[in-house]
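To start, the structure under review is shown below, and the notes come after it.
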Amino acid sequence: MGNEENTGLAERKDGDKQDLMFKAYYSEDTLDPIPMNQLVKRIRKSFSAMDKTSAAVMLDLFFLHQNWASFYKREDSFSRYVKEELKISRTYAYSILNSVKCLVDYYGQKGKDAPQVDGFIADITNSIDNLGIRKLYEISTIRDEKQKFLLLEKAIEGVAIPDEELAVKKQKAEKIKISDLAVENNQLMFENKPILVFPEELDEKIRDYIVKSVSRFLQKK
């Protein structure tokens with residue numbers, strides 16, 4: 001999950017008032033994302049108040065990650081910040097990020113059939129309550145998009161998903177989880193650890209080719 005990805009919650013353009021959760025994350029006066037210290041304070045308060053991750057915490061953390069290098073202009077490591085400042089494990093944090101991205105991708109492909117803001121938040125909350133972060137994250141690692149979205153749809157509708165059913169869907173994804181490989185702050189990360197540093201002047205196409213090559217190599221391991 002690199003910072004450069006735009007899933008629909010990352011950036012906002014003037015006049016586009018249909019972004020999900022606009023009022024929660026953007027200033028209605030300037031149309032800019034809310035200040036980072038306000039967002040971080042909200043995340044910390046939520047984590048300290050609850051033993052169980054809520055949809056609000058998941059969405060806040062996701063929004064912070066998506067705007068880390070763009071709007072907030074941070075050049076330090078997001079994963080290090082999560083561990084040292086937010087005091088949560090990087091593995092847990094990235095499980096949350098991948099889970100929310102999976103849900104946002106699901107609604108993104110629905111287009112005009114996607115729910116409005118209130119429905120979107122309700123659906124995410126229900127899917128988290130029905131599945132829990134562990135199972136939701138496991139669904140997000142399924143490579144077959146059709147199978148992944150079918151399971152999410154069942155979860156959103158309140159249908160229980162047995163571990164056995166999920167295990168069958170995941171069999172082909174056990175070699176490597178796509179979410180374990182990501183570009184962050186000009187670094188290629190594997191399992192949240194840097195394995196390669198890209199020069200800042202490196203052409204983006206070359207960088208993408210290197211990432212794909214590393215991914216293919218790991219798939220064969």
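Ligands are numbered from 1 in the order shown, residues from 1 within each chain, and chains are lettered A, B, ... in the order they appear in the structure tokens.
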Range 192-209 of chain A: which residues within 9 Å, counting only C-alpha atoms, same-chain residues fewer than 6 positions away excluded, as a PyMOL selection string?
-> chain A and resi 79+90-91+94+180-182+184-186
Please produce a file of those selected residues containing N, CA and C atoms, as a JSON list (two decimals), in the first residue's frame.
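Result file follows (part.json):
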[["chain", "number", "residue", "atom", "x", "y", "z"],
["A", 79, "SER", "N", 5.45, 3.55, 9.01],
["A", 79, "SER", "CA", 5.43, 2.36, 9.87],
["A", 79, "SER", "C", 6.17, 2.61, 11.18],
["A", 90, "ARG", "N", 3.11, -2.54, 13.99],
["A", 90, "ARG", "CA", 3.03, -2.26, 12.56],
["A", 90, "ARG", "C", 2.23, -3.32, 11.82],
["A", 91, "THR", "N", 2.36, -4.56, 12.26],
["A", 91, "THR", "CA", 1.60, -5.64, 11.63],
["A", 91, "THR", "C", 0.10, -5.40, 11.79],
["A", 94, "TYR", "N", -1.01, -2.35, 9.60],
["A", 94, "TYR", "CA", -1.13, -2.64, 8.17],
["A", 94, "TYR", "C", -2.27, -3.63, 7.89],
["A", 180, "ASP", "N", 2.08, -7.66, 1.73],
["A", 180, "ASP", "CA", 3.38, -7.65, 2.39],
["A", 180, "ASP", "C", 4.43, -6.90, 1.60],
["A", 181, "LEU", "N", 4.15, -6.58, 0.34],
["A", 181, "LEU", "CA", 5.08, -5.86, -0.53],
["A", 181, "LEU", "C", 4.49, -4.50, -0.85],
["A", 182, "ALA", "N", 5.22, -3.42, -0.49],
["A", 182, "ALA", "CA", 4.68, -2.08, -0.70],
["A", 182, "ALA", "C", 5.80, -1.07, -0.88],
["A", 184, "GLU", "N", 7.02, 2.66, 0.08],
["A", 184, "GLU", "CA", 6.76, 3.70, 1.06],
["A", 184, "GLU", "C", 7.98, 4.59, 1.21],
["A", 185, "ASN", "N", 7.79, 5.89, 0.95],
["A", 185, "ASN", "CA", 8.87, 6.87, 1.09],
["A", 185, "ASN", "C", 10.13, 6.45, 0.33],
["A", 186, "ASN", "N", 9.94, 6.09, -0.95],
["A", 186, "ASN", "CA", 11.05, 5.67, -1.82],
["A", 186, "ASN", "C", 11.75, 4.40, -1.34]]
Using only C-alpha atoms, which residues of range 27-90 of chain A come within 7 Å of range 95-114 of chain A, and what is the closest atom pair for each, with the distance in Å to one decimal? Give it as a tab-separated table, sorted by chain and residue number.
residue	atom	partner	partner_atom	distance
A:Met58	CA	A:Ile96	CA	5.9
A:Leu59	CA	A:Val100	CA	6.9
A:Phe62	CA	A:Leu97	CA	5.4
Please produce a file of the residues just selected, as a PDB file, in the first residue's frame, where the atoms kept are N, CA, C and O atoms.
ATOM      1  N   MET A  58     -10.296   2.616  12.270  1.00  0.00           N
ATOM      2  CA  MET A  58      -9.754   2.056  11.033  1.00  0.00           C
ATOM      3  C   MET A  58      -9.731   3.095   9.926  1.00  0.00           C
ATOM      4  O   MET A  58      -8.742   3.238   9.198  1.00  0.00           O
ATOM      5  N   LEU A  59     -10.816   3.843   9.805  1.00  0.00           N
ATOM      6  CA  LEU A  59     -10.901   4.853   8.755  1.00  0.00           C
ATOM      7  C   LEU A  59      -9.948   6.010   9.017  1.00  0.00           C
ATOM      8  O   LEU A  59      -9.322   6.544   8.088  1.00  0.00           O
ATOM      9  N   PHE A  62      -6.440   4.842   8.145  1.00  0.00           N
ATOM     10  CA  PHE A  62      -6.332   4.724   6.695  1.00  0.00           C
ATOM     11  C   PHE A  62      -6.160   6.098   6.053  1.00  0.00           C
ATOM     12  O   PHE A  62      -5.320   6.301   5.173  1.00  0.00           O
TER      13      PHE A  62
END
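For the set A:Met189, A:Met36, A:Ile133, A:Val159, the residue with the smallest atom-to-atom gap to Ser70 in chain A is A:Met36, counting only C-alpha atoms.
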Can you list, as a short mmCIF file (atom, residue, chain, number, x, y, z; two decimals) with N, CA, C and O atoms, in the first residue's frame, every protein, DNA or RNA residue that comes within 12 Å of Ile88 in chain A when you count only C-alpha atoms, leaving out same-chain residues fewer than 4 positions away?
data_model
loop_
_atom_site.label_atom_id
_atom_site.label_comp_id
_atom_site.auth_asym_id
_atom_site.auth_seq_id
_atom_site.Cartn_x
_atom_site.Cartn_y
_atom_site.Cartn_z
N ILE A 43 -7.15 9.61 16.59
CA ILE A 43 -6.73 8.20 16.54
C ILE A 43 -6.29 7.72 17.92
O ILE A 43 -6.70 6.66 18.39
N ARG A 44 -5.42 8.52 18.57
CA ARG A 44 -4.91 8.13 19.89
C ARG A 44 -6.03 7.99 20.91
O ARG A 44 -6.05 7.05 21.72
N PHE A 47 -7.94 4.73 20.21
CA PHE A 47 -7.23 3.52 20.58
C PHE A 47 -7.15 3.34 22.09
O PHE A 47 -7.20 2.22 22.61
N SER A 48 -7.00 4.44 22.82
CA SER A 48 -6.89 4.34 24.27
C SER A 48 -8.22 4.05 24.93
O SER A 48 -8.28 3.51 26.04
N THR A 53 -10.95 -2.60 17.99
CA THR A 53 -10.89 -1.59 16.95
C THR A 53 -12.26 -1.31 16.37
O THR A 53 -13.00 -2.21 16.05
N LEU A 61 -7.04 5.88 10.64
CA LEU A 61 -5.68 5.42 10.36
C LEU A 61 -5.44 5.32 8.86
O LEU A 61 -4.37 5.69 8.35
N SER A 79 5.45 3.55 9.01
CA SER A 79 5.43 2.36 9.87
C SER A 79 6.17 2.61 11.18
O SER A 79 5.76 2.12 12.24
N ARG A 80 7.26 3.37 11.13
CA ARG A 80 7.99 3.70 12.36
C ARG A 80 7.15 4.63 13.24
O ARG A 80 7.14 4.49 14.46
N TYR A 81 6.45 5.56 12.61
CA TYR A 81 5.59 6.48 13.36
C TYR A 81 4.48 5.71 14.08
O TYR A 81 4.16 6.00 15.23
N VAL A 82 3.91 4.76 13.39
CA VAL A 82 2.85 3.94 13.98
C VAL A 82 3.35 3.22 15.23
O VAL A 82 2.68 3.19 16.27
N LYS A 83 4.55 2.67 15.14
CA LYS A 83 5.09 1.90 16.25
C LYS A 83 5.53 2.80 17.41
O LYS A 83 5.23 2.50 18.58
N GLU A 84 6.23 3.89 17.10
CA GLU A 84 6.82 4.72 18.14
C GLU A 84 5.89 5.79 18.70
O GLU A 84 5.97 6.13 19.88
N TYR A 92 -0.29 -5.01 12.99
CA TYR A 92 -1.70 -4.73 13.27
C TYR A 92 -2.17 -3.53 12.46
O TYR A 92 -3.26 -3.55 11.88
N ALA A 93 -1.34 -2.49 12.41
CA ALA A 93 -1.71 -1.28 11.67
C ALA A 93 -1.92 -1.57 10.19
O ALA A 93 -2.90 -1.13 9.58
N TYR A 94 -1.01 -2.35 9.60
CA TYR A 94 -1.13 -2.64 8.17
C TYR A 94 -2.27 -3.63 7.89
O TYR A 94 -2.81 -3.65 6.79
N SER A 95 -2.60 -4.42 8.88
CA SER A 95 -3.79 -5.27 8.73
C SER A 95 -5.03 -4.39 8.61
O SER A 95 -5.92 -4.65 7.79
N ILE A 96 -5.09 -3.34 9.42
CA ILE A 96 -6.19 -2.40 9.36
C ILE A 96 -6.22 -1.69 8.01
O ILE A 96 -7.26 -1.58 7.36
#
Out of range 62-127 of chain A, which residues get alpha helix (DSSP H) from DSSP, as a PyMOL selection string?
-> chain A and resi 62-66+78-84+90-108+117-127
Of the candidates A:Glu157, A:Lys135, A:Asp163, A:Asp60, which one gets nearest to Tyr25 in chain A if we count only C-alpha atoms?
-> A:Asp60
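Going from CA of Ala56 in chain A over to CA of Thr125 in chain A, you cover 8.3 Å.
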